[in-house]
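Undergrad: Sending over upload22.cif (mmCIF, C-alpha atoms and all ligand atoms).
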```cif
data_final
loop_
_atom_site.label_atom_id
_atom_site.label_comp_id
_atom_site.auth_asym_id
_atom_site.auth_seq_id
_atom_site.Cartn_x
_atom_site.Cartn_y
_atom_site.Cartn_z
CA MET Z 1 69.91 127.01 58.10
CA PRO Z 2 71.49 123.69 59.10
CA ASP Z 3 69.68 121.80 61.87
CA THR Z 4 71.61 121.90 65.13
CA PRO Z 5 71.64 118.56 66.90
CA PRO Z 6 69.93 118.23 70.30
CA VAL Z 7 72.27 118.36 73.29
CA PHE Z 8 71.94 116.10 76.36
CA ARG Z 9 74.08 116.07 79.48
CA PHE Z 10 74.72 113.93 82.54
CA ALA Z 11 75.82 116.19 85.40
CA PRO Z 12 76.97 114.30 88.49
CA SER Z 13 78.59 115.82 91.58
CA PRO Z 14 81.84 114.08 92.55
CA ASN Z 15 80.94 113.79 96.23
CA GLY Z 16 80.63 110.00 96.26
CA LEU Z 17 80.55 106.91 94.07
CA LEU Z 18 77.92 106.55 91.36
CA HIS Z 19 75.08 104.13 92.10
CA LEU Z 20 72.38 102.45 90.01
CA GLY Z 21 70.28 105.64 89.96
CA HIS Z 22 73.15 107.47 88.28
CA ALA Z 23 73.59 104.56 85.86
CA LEU Z 24 69.94 104.98 84.84
CA SER Z 25 70.35 108.74 84.35
CA ALA Z 26 73.60 108.48 82.42
CA VAL Z 27 72.43 105.62 80.18
CA LEU Z 28 69.11 107.35 79.49
CA ASN Z 29 70.83 110.61 78.49
CA HIS Z 30 73.32 108.75 76.34
CA ASP Z 31 70.70 106.59 74.61
CA MET Z 32 68.25 109.46 74.06
CA ALA Z 33 71.05 111.55 72.54
CA LYS Z 34 72.03 108.69 70.27
CA ALA Z 35 68.44 108.03 69.17
CA ALA Z 36 68.04 111.73 68.29
CA ASN Z 37 71.42 112.00 66.52
CA GLY Z 38 72.32 114.39 69.29
CA ARG Z 39 75.34 115.20 71.41
CA PHE Z 40 76.03 113.76 74.85
CA LEU Z 41 78.01 115.80 77.40
CA LEU Z 42 79.40 114.93 80.80
CA ARG Z 43 79.53 117.82 83.27
CA ILE Z 44 81.23 117.60 86.64
CA GLU Z 45 79.26 119.64 89.17
CA ASP Z 46 82.02 120.25 91.71
CA ILE Z 47 81.10 123.71 92.97
CA ASP Z 48 80.92 122.57 96.57
CA GLN Z 49 84.63 122.01 97.15
CA THR Z 50 84.02 121.04 100.76
CA ARG Z 51 82.29 117.83 99.60
CA CYS Z 52 83.75 117.08 96.15
CA ARG Z 53 86.91 115.03 95.69
CA GLN Z 54 89.20 114.34 92.76
CA GLU Z 55 89.12 110.58 93.39
CA PHE Z 56 85.31 110.55 93.00
CA GLU Z 57 85.63 112.38 89.68
CA ALA Z 58 88.10 109.72 88.50
CA ALA Z 59 85.69 107.00 89.65
CA ILE Z 60 82.79 108.65 87.74
CA VAL Z 61 84.82 108.65 84.52
CA GLU Z 62 85.85 105.04 85.07
CA ASP Z 63 82.31 103.82 85.85
CA LEU Z 64 80.75 105.59 82.85
CA ALA Z 65 83.42 104.30 80.47
CA TRP Z 66 82.92 100.78 81.87
CA LEU Z 67 79.18 101.11 81.16
CA GLY Z 68 80.15 101.71 77.54
CA LEU Z 69 79.19 105.41 77.41
CA ASP Z 70 81.04 107.89 75.30
CA TRP Z 71 80.87 111.66 75.81
CA GLU Z 72 82.41 114.72 74.22
CA ARG Z 73 85.79 115.87 75.46
CA PRO Z 74 86.82 118.02 77.19
CA MET Z 75 84.18 117.64 79.87
CA ARG Z 76 83.15 120.78 81.71
CA ARG Z 77 84.18 121.06 85.34
CA GLN Z 78 82.18 123.73 87.16
CA SER Z 79 85.03 124.68 89.52
CA GLU Z 80 86.92 125.95 86.45
CA HIS Z 81 84.17 128.38 85.45
CA LEU Z 82 83.45 130.41 88.56
CA ASP Z 83 83.64 133.63 86.56
CA ALA Z 84 80.62 132.56 84.49
CA TYR Z 85 78.50 132.09 87.65
CA ALA Z 86 79.84 135.35 89.11
CA SER Z 87 78.64 137.26 86.01
CA ALA Z 88 75.21 135.63 86.22
CA LEU Z 89 75.03 136.63 89.89
CA GLU Z 90 76.09 140.17 89.01
CA ARG Z 91 73.37 140.38 86.40
CA LEU Z 92 70.75 139.29 88.93
CA ASN Z 93 72.12 141.82 91.39
CA GLY Z 94 71.65 144.48 88.71
CA LEU Z 95 67.97 143.51 88.58
CA GLY Z 96 67.70 144.20 92.31
CA VAL Z 97 66.53 140.68 93.16
CA LEU Z 98 69.36 139.66 95.51
CA TYR Z 99 70.06 140.36 99.15
CA PRO Z 100 72.84 139.29 101.51
CA SER Z 101 71.72 137.04 104.37
CA VAL Z 102 73.62 135.93 107.44
CA MET Z 103 71.64 133.29 109.34
CA THR Z 104 73.42 129.94 109.64
CA ARG Z 105 71.62 126.60 109.29
CA GLY Z 106 71.61 126.25 113.08
CA GLU Z 107 70.13 129.74 113.57
CA ILE Z 108 67.43 129.05 110.97
CA LYS Z 109 66.54 125.79 112.71
CA ALA Z 110 66.34 127.47 116.10
CA ALA Z 111 64.22 130.39 114.80
CA VAL Z 112 61.78 128.02 113.10
CA ALA Z 113 61.58 125.77 116.18
CA GLU Z 114 60.79 128.82 118.31
CA ALA Z 115 58.04 129.99 115.92
CA GLU Z 116 56.56 126.49 115.83
CA ALA Z 117 56.68 126.21 119.61
CA ASP Z 118 54.57 129.39 119.57
CA GLY Z 119 51.97 127.58 117.50
CA GLN Z 120 52.90 129.00 114.09
CA THR Z 121 53.07 126.67 111.09
CA TRP Z 122 56.32 127.50 109.33
CA PRO Z 123 56.21 127.12 105.51
CA ARG Z 124 58.52 124.46 104.01
CA ASP Z 125 59.93 124.08 100.52
CA PRO Z 126 59.19 121.03 98.29
CA ASP Z 127 62.20 119.25 99.83
CA GLY Z 128 60.85 119.83 103.34
CA SER Z 129 63.29 122.55 104.45
CA PRO Z 130 61.85 125.61 106.20
CA LEU Z 131 61.72 128.83 104.16
CA TYR Z 132 64.26 131.45 105.22
CA PRO Z 133 63.08 133.30 108.35
CA GLY Z 134 65.63 136.14 108.32
CA ARG Z 135 64.53 139.73 107.81
CA GLU Z 136 67.56 140.96 105.83
CA ARG Z 137 65.37 141.15 102.72
CA THR Z 138 63.70 144.22 104.19
CA TYR Z 139 66.92 145.97 105.24
CA SER Z 140 67.38 149.59 104.29
CA THR Z 141 70.30 150.46 102.02
CA GLY Z 142 72.23 151.61 105.09
CA GLU Z 143 71.62 148.37 107.00
CA ARG Z 144 72.63 146.34 103.95
CA THR Z 145 75.85 148.29 103.48
CA ALA Z 146 76.65 147.88 107.18
CA LEU Z 147 76.10 144.12 106.86
CA LEU Z 148 78.33 143.84 103.77
CA GLU Z 149 81.06 145.83 105.50
CA SER Z 150 80.79 144.01 108.82
CA GLY Z 151 83.12 141.18 107.83
CA ARG Z 152 80.43 138.59 108.69
CA ALA Z 153 80.06 135.63 106.33
CA TYR Z 154 76.94 136.08 104.20
CA ALA Z 155 75.10 134.30 101.40
CA TRP Z 156 73.34 135.97 98.47
CA ARG Z 157 69.67 134.99 98.38
CA LEU Z 158 67.07 135.54 95.71
CA ASP Z 159 64.25 137.82 96.84
CA MET Z 160 61.70 135.37 95.49
CA GLN Z 161 58.62 137.59 95.54
CA LYS Z 162 60.46 140.44 93.84
CA ALA Z 163 61.86 138.05 91.23
CA ILE Z 164 58.38 136.66 90.54
CA SER Z 165 57.00 140.19 90.24
CA LEU Z 166 59.46 140.83 87.38
CA LEU Z 167 57.65 138.16 85.37
CA GLY Z 168 54.73 140.55 85.00
CA ASN Z 169 51.93 138.75 83.25
CA ALA Z 170 54.19 136.14 81.67
CA SER Z 171 53.33 132.68 82.91
CA LEU Z 172 56.22 130.48 83.94
CA THR Z 173 55.97 126.92 82.64
CA TRP Z 174 58.12 124.07 81.39
CA SER Z 175 57.64 121.24 78.97
CA GLU Z 176 57.89 117.86 80.69
CA SER Z 177 58.17 114.53 78.90
CA GLY Z 178 58.92 112.35 81.92
CA ALA Z 179 56.61 111.66 84.80
CA GLY Z 180 56.58 114.04 87.74
CA PRO Z 181 55.86 112.99 91.31
CA VAL Z 182 52.17 112.86 90.53
CA GLY Z 183 52.61 111.74 86.96
CA GLU Z 184 52.21 114.95 84.97
CA THR Z 185 53.59 115.31 81.49
CA GLY Z 186 53.06 118.18 79.07
CA ILE Z 187 53.14 121.84 80.00
CA ILE Z 188 53.75 122.23 83.73
CA VAL Z 189 53.05 125.46 85.58
CA ALA Z 190 56.16 126.35 87.60
CA ASP Z 191 55.75 127.44 91.22
CA PRO Z 192 59.12 128.93 92.21
CA GLY Z 193 57.50 130.75 95.15
CA ALA Z 194 57.25 127.41 96.98
CA TRP Z 195 61.04 127.55 97.45
CA GLY Z 196 61.23 130.91 99.20
CA ASP Z 197 64.42 132.95 99.08
CA VAL Z 198 66.85 130.35 97.72
CA ILE Z 199 70.61 130.77 98.17
CA LEU Z 200 72.50 131.57 94.96
CA SER Z 201 76.00 131.98 96.36
CA ARG Z 202 77.72 131.59 99.72
CA SER Z 203 81.20 132.35 100.99
CA ASP Z 204 82.33 128.70 100.97
CA ALA Z 205 80.63 127.81 97.64
CA PRO Z 206 80.60 130.80 95.25
CA SER Z 207 77.68 129.51 93.20
CA SER Z 208 74.71 127.39 94.17
CA TYR Z 209 73.48 124.35 92.29
CA HIS Z 210 70.55 126.37 90.91
CA LEU Z 211 72.69 129.19 89.52
CA SER Z 212 75.43 127.04 88.02
CA VAL Z 213 73.05 124.53 86.45
CA VAL Z 214 71.09 127.15 84.51
CA THR Z 215 74.25 129.03 83.53
CA ASP Z 216 75.92 125.88 82.22
CA ASP Z 217 72.88 124.44 80.47
CA ALA Z 218 72.68 127.71 78.52
CA LEU Z 219 76.43 128.05 77.87
CA GLN Z 220 76.64 124.46 76.68
CA GLY Z 221 73.54 124.77 74.50
CA VAL Z 222 71.74 121.96 76.37
CA THR Z 223 68.36 121.38 74.73
CA HIS Z 224 67.19 118.38 76.81
CA VAL Z 225 67.56 118.14 80.58
CA VAL Z 226 67.11 114.49 81.56
CA ARG Z 227 67.52 113.88 85.31
CA GLY Z 228 65.97 112.22 88.35
CA ARG Z 229 62.52 113.02 89.65
CA ASP Z 230 64.07 114.35 92.86
CA LEU Z 231 64.91 117.51 90.88
CA TYR Z 232 61.42 117.89 89.37
CA HIS Z 233 60.34 120.75 91.67
CA SER Z 234 63.70 122.54 91.36
CA THR Z 235 62.83 123.09 87.71
CA ALA Z 236 60.54 125.93 88.85
CA VAL Z 237 63.56 127.83 90.23
CA HIS Z 238 65.56 127.06 87.10
CA ARG Z 239 62.82 128.38 84.84
CA LEU Z 240 62.61 131.58 86.91
CA LEU Z 241 66.39 132.11 86.70
CA GLN Z 242 66.33 131.40 82.96
CA HIS Z 243 63.65 134.05 82.58
CA LEU Z 244 65.54 136.63 84.66
CA LEU Z 245 68.84 135.93 82.89
CA ASP Z 246 67.27 135.76 79.45
CA LEU Z 247 68.43 132.19 78.82
CA PRO Z 248 66.83 129.67 76.45
CA GLU Z 249 64.35 127.13 77.79
CA PRO Z 250 65.38 123.48 77.46
CA LEU Z 251 62.91 120.58 77.41
CA TYR Z 252 62.74 118.56 80.64
CA HIS Z 253 62.42 114.87 81.30
CA HIS Z 254 62.44 113.72 84.93
CA HIS Z 255 62.92 109.99 85.19
CA ARG Z 256 62.00 107.56 87.96
CA LEU Z 257 64.29 107.09 90.92
CA ILE Z 258 65.73 103.73 91.80
CA LEU Z 259 64.89 102.84 95.36
CA GLY Z 260 66.92 100.72 97.74
CA PRO Z 261 65.57 97.64 99.55
CA ASP Z 262 64.36 99.99 102.31
CA GLY Z 263 62.16 101.81 99.79
CA ARG Z 264 64.29 104.96 100.02
CA LYS Z 265 66.17 106.82 97.33
CA LEU Z 266 69.69 105.40 96.85
CA SER Z 267 72.49 107.42 98.36
CA LYS Z 268 76.12 107.69 97.44
CA SER Z 269 77.09 106.09 100.75
CA ASN Z 270 75.03 103.01 99.89
CA GLN Z 271 78.07 100.97 98.78
CA ASP Z 272 76.35 97.78 97.60
CA THR Z 273 74.34 99.53 94.88
CA GLY Z 274 77.44 101.32 93.57
CA ILE Z 275 78.36 100.70 89.93
CA ALA Z 276 81.93 99.90 91.04
CA ALA Z 277 80.59 97.27 93.47
CA PHE Z 278 78.69 95.53 90.65
CA ARG Z 279 81.85 95.58 88.56
CA ALA Z 280 83.94 94.18 91.42
CA ALA Z 281 81.37 91.41 91.94
CA GLY Z 282 81.93 90.25 88.35
CA HIS Z 283 78.76 91.67 86.71
CA THR Z 284 78.96 92.84 83.10
CA PRO Z 285 78.00 96.35 81.93
CA GLN Z 286 75.07 94.77 80.06
CA GLU Z 287 73.79 93.27 83.30
CA VAL Z 288 73.96 96.62 85.07
CA ARG Z 289 72.22 98.34 82.15
CA ALA Z 290 69.50 95.67 82.23
CA LEU Z 291 68.90 96.43 85.92
CA VAL Z 292 68.04 100.04 85.24
CA VAL Z 293 66.60 100.60 81.74
N1 LIG O 301 74.52 117.66 89.98
C1 LIG O 301 73.18 117.24 90.28
C2 LIG O 301 73.21 115.95 91.06
O1 LIG O 301 74.23 115.27 91.08
C3 LIG O 301 72.33 117.00 89.03
C4 LIG O 301 72.08 118.25 88.28
C5 LIG O 301 71.07 118.18 87.15
O2 LIG O 301 70.98 117.14 86.47
O3 LIG O 301 70.41 119.16 86.93
O4 LIG O 301 72.22 115.62 91.68
#
```
Starting from the file, lay out its structure as structure tokens.
TA:
Amino acid sequence: MPDTPPVFRFAPSPNGLLHLGHALSAVLNHDMAKAANGRFLLRIEDIDQTRCRQEFEAAIVEDLAWLGLDWERPMRRQSEHLDAYASALERLNGLGVLYPSVMTRGEIKAAVAEAEADGQTWPRDPDGSPLYPGRERTYSTGERTALLESGRAYAWRLDMQKAISLLGNASLTWSESGAGPVGETGIIVADPGAWGDVILSRSDAPSSYHLSVVTDDALQGVTHVVRGRDLYHSTAVHRLLQHLLDLPEPLYHHHRLILGPDGRKLSKSNQDTGIAAFRAAGHTPQEVRALVV
């Protein structure tokens, strides 16, 4: 059988301009693919149409080409593949691990504040957000049908404990070649439960990051996921979804984050560390590469 080449991807969201942290991620993916005689893909993660803009996508393409990167065409744009995420969601629904939920961000915040004012410690996910406090998970079939027919906006959430129970005795792990937040490499035990009942689809964004990323990595045959350390813990959710959806397991490499002068992770609104700003200031692509790798 002929050897299939490894597949790497850089998967930015076009909701702002790329900064030095993205340059590191893109260059690393590109160079690792090249060193392994592999393929390098660019994927535009534009599921959240309320935040993504066409002009940012054009800027991404321009910045990456200026850095000297070359990727396979056509690039995948998630907004053009909603049916793929809908089928994945349907499959999960068939497993009985989804439920519709209605609490808004504001309602969640208020419910958690009330519980904490009562002296309870409310559990938080690895990103610091409170776990979902709603009780729709325990609704009877009748209550659920009434909710779905009520015309209220709802989001599909993963019933995390039920999903984990479907693993049976199988242990959920991933293979990590980068350094995690505390420096682990090797086989990492995934703890998806820490995330609670994550959202997989909502009325204004038909697929969540988690659902579309695992669907696309599988559909595109991605063998190596190379991305920032900020997504290290999310890998646990991705491994769980891959298990439930019977998708192959890629290798993972979470790279360091580039911090701003204030010691915080760079953000897309941080204009002076934008790749375009370096270009406008007369820096060469080699100079920008040298800053990050
Ligand atoms: N679209 C995600 C982001 O811009 C990255 C997804 C991934 O690499 O898994 O943060």
Undergrad: Between CA of Ile199 (chain Z) and CA of Ala86 (chain Z), measure the distance and give it in Å to one decimal.
TA: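 A separation of 13.7 Å between them.
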Undergrad: Show me which residues line ligand LIG 301 (chain O), defined as having an atom within 7 Å of a ligand atom where only C-alpha atoms and all ligand atoms count, and present them as a list in words.
TA: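 Using only C-alpha atoms and all ligand atoms, I find these residues within 7 Å of ligand LIG 301 (chain O): Phe10, Ala11, Pro12, Ser13, Glu45, Val213, Val225, Val226, Arg227 and Leu231 of chain Z.
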Undergrad: Considering only C-alpha atoms, state which residue in the set Z:Leu251, Z:Ala88, Z:Met160, Z:Leu42 is at the smallest distance from Thr185 (chain Z).
TA: Z:Leu251
Undergrad: Which one of Z:Gly221, Z:Gly128, Z:Gly282, Z:Pro192 sits closest to Leu241 (chain Z) if you count only C-alpha atoms?
TA: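 The shortest atom-to-atom distance to Leu241 (chain Z) comes from Z:Pro192.
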Undergrad: Please list as JSON, numbers by chain every residue within 10 Å of Gln286 (chain Z), counting all atoms listed in the file and excluding residues in the same chain fewer than 5 positions away.
TA: {"Z": [67, 68, 291]}
Undergrad: Need to verify the contact set: region 26-35 of chain Z, 12 Å, only C-alpha atoms, exclusion of same-chain residues closer than 2 positions in sequence. Can you return it as a CSV table (one decimal) with C-alpha atoms, keeping the file's coordinate frame?
TA:
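Written file, selection.csv:
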```csv
chain,number,residue,atom,x,y,z
Z,5,PRO,CA,71.6,118.6,66.9
Z,6,PRO,CA,69.9,118.2,70.3
Z,7,VAL,CA,72.3,118.4,73.3
Z,8,PHE,CA,71.9,116.1,76.4
Z,9,ARG,CA,74.1,116.1,79.5
Z,10,PHE,CA,74.7,113.9,82.5
Z,11,ALA,CA,75.8,116.2,85.4
Z,12,PRO,CA,77.0,114.3,88.5
Z,18,LEU,CA,77.9,106.6,91.4
Z,19,HIS,CA,75.1,104.1,92.1
Z,20,LEU,CA,72.4,102.4,90.0
Z,21,GLY,CA,70.3,105.6,90.0
Z,22,HIS,CA,73.2,107.5,88.3
Z,23,ALA,CA,73.6,104.6,85.9
Z,24,LEU,CA,69.9,105.0,84.8
Z,37,ASN,CA,71.4,112.0,66.5
Z,38,GLY,CA,72.3,114.4,69.3
Z,39,ARG,CA,75.3,115.2,71.4
Z,40,PHE,CA,76.0,113.8,74.8
Z,41,LEU,CA,78.0,115.8,77.4
Z,42,LEU,CA,79.4,114.9,80.8
Z,43,ARG,CA,79.5,117.8,83.3
Z,60,ILE,CA,82.8,108.6,87.7
Z,61,VAL,CA,84.8,108.6,84.5
Z,63,ASP,CA,82.3,103.8,85.8
Z,64,LEU,CA,80.8,105.6,82.8
Z,65,ALA,CA,83.4,104.3,80.5
Z,66,TRP,CA,82.9,100.8,81.9
Z,67,LEU,CA,79.2,101.1,81.2
Z,68,GLY,CA,80.2,101.7,77.5
Z,69,LEU,CA,79.2,105.4,77.4
Z,70,ASP,CA,81.0,107.9,75.3
Z,71,TRP,CA,80.9,111.7,75.8
Z,72,GLU,CA,82.4,114.7,74.2
Z,178,GLY,CA,58.9,112.4,81.9
Z,222,VAL,CA,71.7,122.0,76.4
Z,223,THR,CA,68.4,121.4,74.7
Z,224,HIS,CA,67.2,118.4,76.8
Z,225,VAL,CA,67.6,118.1,80.6
Z,226,VAL,CA,67.1,114.5,81.6
Z,227,ARG,CA,67.5,113.9,85.3
Z,228,GLY,CA,66.0,112.2,88.4
Z,252,TYR,CA,62.7,118.6,80.6
Z,253,HIS,CA,62.4,114.9,81.3
Z,254,HIS,CA,62.4,113.7,84.9
Z,255,HIS,CA,62.9,110.0,85.2
Z,256,ARG,CA,62.0,107.6,88.0
Z,275,ILE,CA,78.4,100.7,89.9
Z,285,PRO,CA,78.0,96.4,81.9
Z,286,GLN,CA,75.1,94.8,80.1
Z,288,VAL,CA,74.0,96.6,85.1
Z,289,ARG,CA,72.2,98.3,82.2
Z,290,ALA,CA,69.5,95.7,82.2
Z,291,LEU,CA,68.9,96.4,85.9
Z,292,VAL,CA,68.0,100.0,85.2
Z,293,VAL,CA,66.6,100.6,81.7
```
Undergrad: Up to 10 Å from (55.5, 115.5, 84.6) in the file's coordinates: name the residues, counting only C-alpha atoms, as a list of chain:residue names.
TA: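 Checking each residue against the 10 Å limit leaves Z:Trp174, Z:Ser175, Z:Glu176, Z:Ser177, Z:Gly178, Z:Ala179, Z:Gly180, Z:Pro181, Z:Val182, Z:Gly183, Z:Glu184, Z:Thr185, Z:Gly186, Z:Ile187, Z:Ile188, Z:Arg229, Z:Tyr232, Z:Tyr252, Z:His253, Z:His254, Z:His255.
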Undergrad: Counting all atoms listed in the file, figure out which residue out of Z:Arg202, Z:Arg279, Z:Arg135, Z:Arg124 gets nearest to Ala153 (chain Z).
TA: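 Of the candidates, the smallest distance to Ala153 (chain Z) is held by Z:Arg202.
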Undergrad: How many Å separate CA of Ala236 (chain Z) from CA of Asp191 (chain Z)?
TA: 5.6 Å
Undergrad: What's the separation between CA of Leu95 (chain Z) and CA of His81 (chain Z), in Å to one decimal place?
TA: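 Taking CA of Leu95 (chain Z) as the start and CA of His81 (chain Z) as the end point, the length is 22.4 Å.
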Undergrad: Considering only C-alpha atoms, can you say which of Z:Ala205, Z:Ala146, Z:Ala110, Z:Ala117 comes closest to Tyr85 (chain Z)?
TA: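 Of Z:Ala205, Z:Ala146, Z:Ala110, Z:Ala117, the one nearest Tyr85 (chain Z) is Z:Ala205, counting only C-alpha atoms.
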Undergrad: Quick one: of Z:Tyr154, Z:Thr215, Z:Gly16, Z:Pro261, who's nearest to Ala58 (chain Z), counting only C-alpha atoms?
TA: Z:Gly16
Undergrad: All heavy atoms are needed for region 237-245 of chain Z; please write them out as a short mmCIF file (atom, residue, chain, number, x, y, z; two decimals), keeping the file's coordinate frame.
TA:
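The result, written out as rebuild-v5.cif:
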```cif
data_model
loop_
_atom_site.label_atom_id
_atom_site.label_comp_id
_atom_site.auth_asym_id
_atom_site.auth_seq_id
_atom_site.Cartn_x
_atom_site.Cartn_y
_atom_site.Cartn_z
N VAL Z 237 62.53 126.81 89.95
CA VAL Z 237 63.56 127.83 90.23
C VAL Z 237 64.41 128.05 88.98
O VAL Z 237 64.75 129.18 88.63
CB VAL Z 237 64.46 127.40 91.43
CG1 VAL Z 237 65.56 128.43 91.66
CG2 VAL Z 237 63.62 127.21 92.69
N HIS Z 238 64.72 126.94 88.30
CA HIS Z 238 65.56 127.06 87.10
C HIS Z 238 64.85 127.86 86.02
O HIS Z 238 65.46 128.71 85.37
CB HIS Z 238 65.94 125.66 86.58
CG HIS Z 238 66.65 124.85 87.63
ND1 HIS Z 238 66.94 123.53 87.51
CD2 HIS Z 238 67.14 125.24 88.84
CE1 HIS Z 238 67.57 123.13 88.60
NE2 HIS Z 238 67.70 124.14 89.42
N ARG Z 239 63.55 127.63 85.86
CA ARG Z 239 62.82 128.38 84.84
C ARG Z 239 62.76 129.88 85.20
O ARG Z 239 62.84 130.73 84.32
CB ARG Z 239 61.39 127.81 84.69
CG ARG Z 239 61.36 126.44 84.03
CD ARG Z 239 61.73 126.50 82.54
NE ARG Z 239 60.83 127.38 81.82
CZ ARG Z 239 61.19 128.51 81.21
NH1 ARG Z 239 62.45 128.90 81.18
NH2 ARG Z 239 60.28 129.25 80.59
N LEU Z 240 62.63 130.17 86.50
CA LEU Z 240 62.61 131.58 86.91
C LEU Z 240 63.97 132.23 86.61
O LEU Z 240 64.03 133.32 86.04
CB LEU Z 240 62.28 131.68 88.41
CG LEU Z 240 62.28 133.08 89.00
CD1 LEU Z 240 61.22 133.96 88.32
CD2 LEU Z 240 62.02 133.04 90.52
N LEU Z 241 65.05 131.55 86.96
CA LEU Z 241 66.39 132.11 86.70
C LEU Z 241 66.62 132.27 85.20
O LEU Z 241 67.19 133.26 84.75
CB LEU Z 241 67.47 131.23 87.33
CG LEU Z 241 67.50 131.19 88.87
CD1 LEU Z 241 68.54 130.19 89.36
CD2 LEU Z 241 67.78 132.58 89.46
N GLN Z 242 66.17 131.28 84.42
CA GLN Z 242 66.33 131.40 82.96
C GLN Z 242 65.60 132.63 82.45
O GLN Z 242 66.09 133.35 81.59
CB GLN Z 242 65.79 130.13 82.27
CG GLN Z 242 66.72 128.94 82.41
CD GLN Z 242 66.01 127.61 82.23
OE1 GLN Z 242 64.78 127.55 82.08
NE2 GLN Z 242 66.77 126.53 82.26
N HIS Z 243 64.42 132.88 83.01
CA HIS Z 243 63.65 134.05 82.58
C HIS Z 243 64.40 135.34 82.95
O HIS Z 243 64.57 136.22 82.12
CB HIS Z 243 62.27 134.01 83.22
CG HIS Z 243 61.37 135.09 82.75
ND1 HIS Z 243 60.46 134.92 81.72
CD2 HIS Z 243 61.28 136.39 83.13
CE1 HIS Z 243 59.84 136.08 81.50
NE2 HIS Z 243 60.31 136.98 82.35
N LEU Z 244 64.87 135.41 84.19
CA LEU Z 244 65.54 136.63 84.66
C LEU Z 244 66.84 136.88 83.89
O LEU Z 244 67.22 138.02 83.64
CB LEU Z 244 65.85 136.53 86.16
CG LEU Z 244 64.65 136.46 87.10
CD1 LEU Z 244 65.11 136.15 88.53
CD2 LEU Z 244 63.86 137.76 87.07
N LEU Z 245 67.53 135.79 83.54
CA LEU Z 245 68.84 135.93 82.89
C LEU Z 245 68.73 135.86 81.36
O LEU Z 245 69.74 135.86 80.66
CB LEU Z 245 69.79 134.83 83.38
CG LEU Z 245 70.20 134.91 84.85
CD1 LEU Z 245 70.84 133.61 85.32
CD2 LEU Z 245 71.17 136.08 85.07
#
```
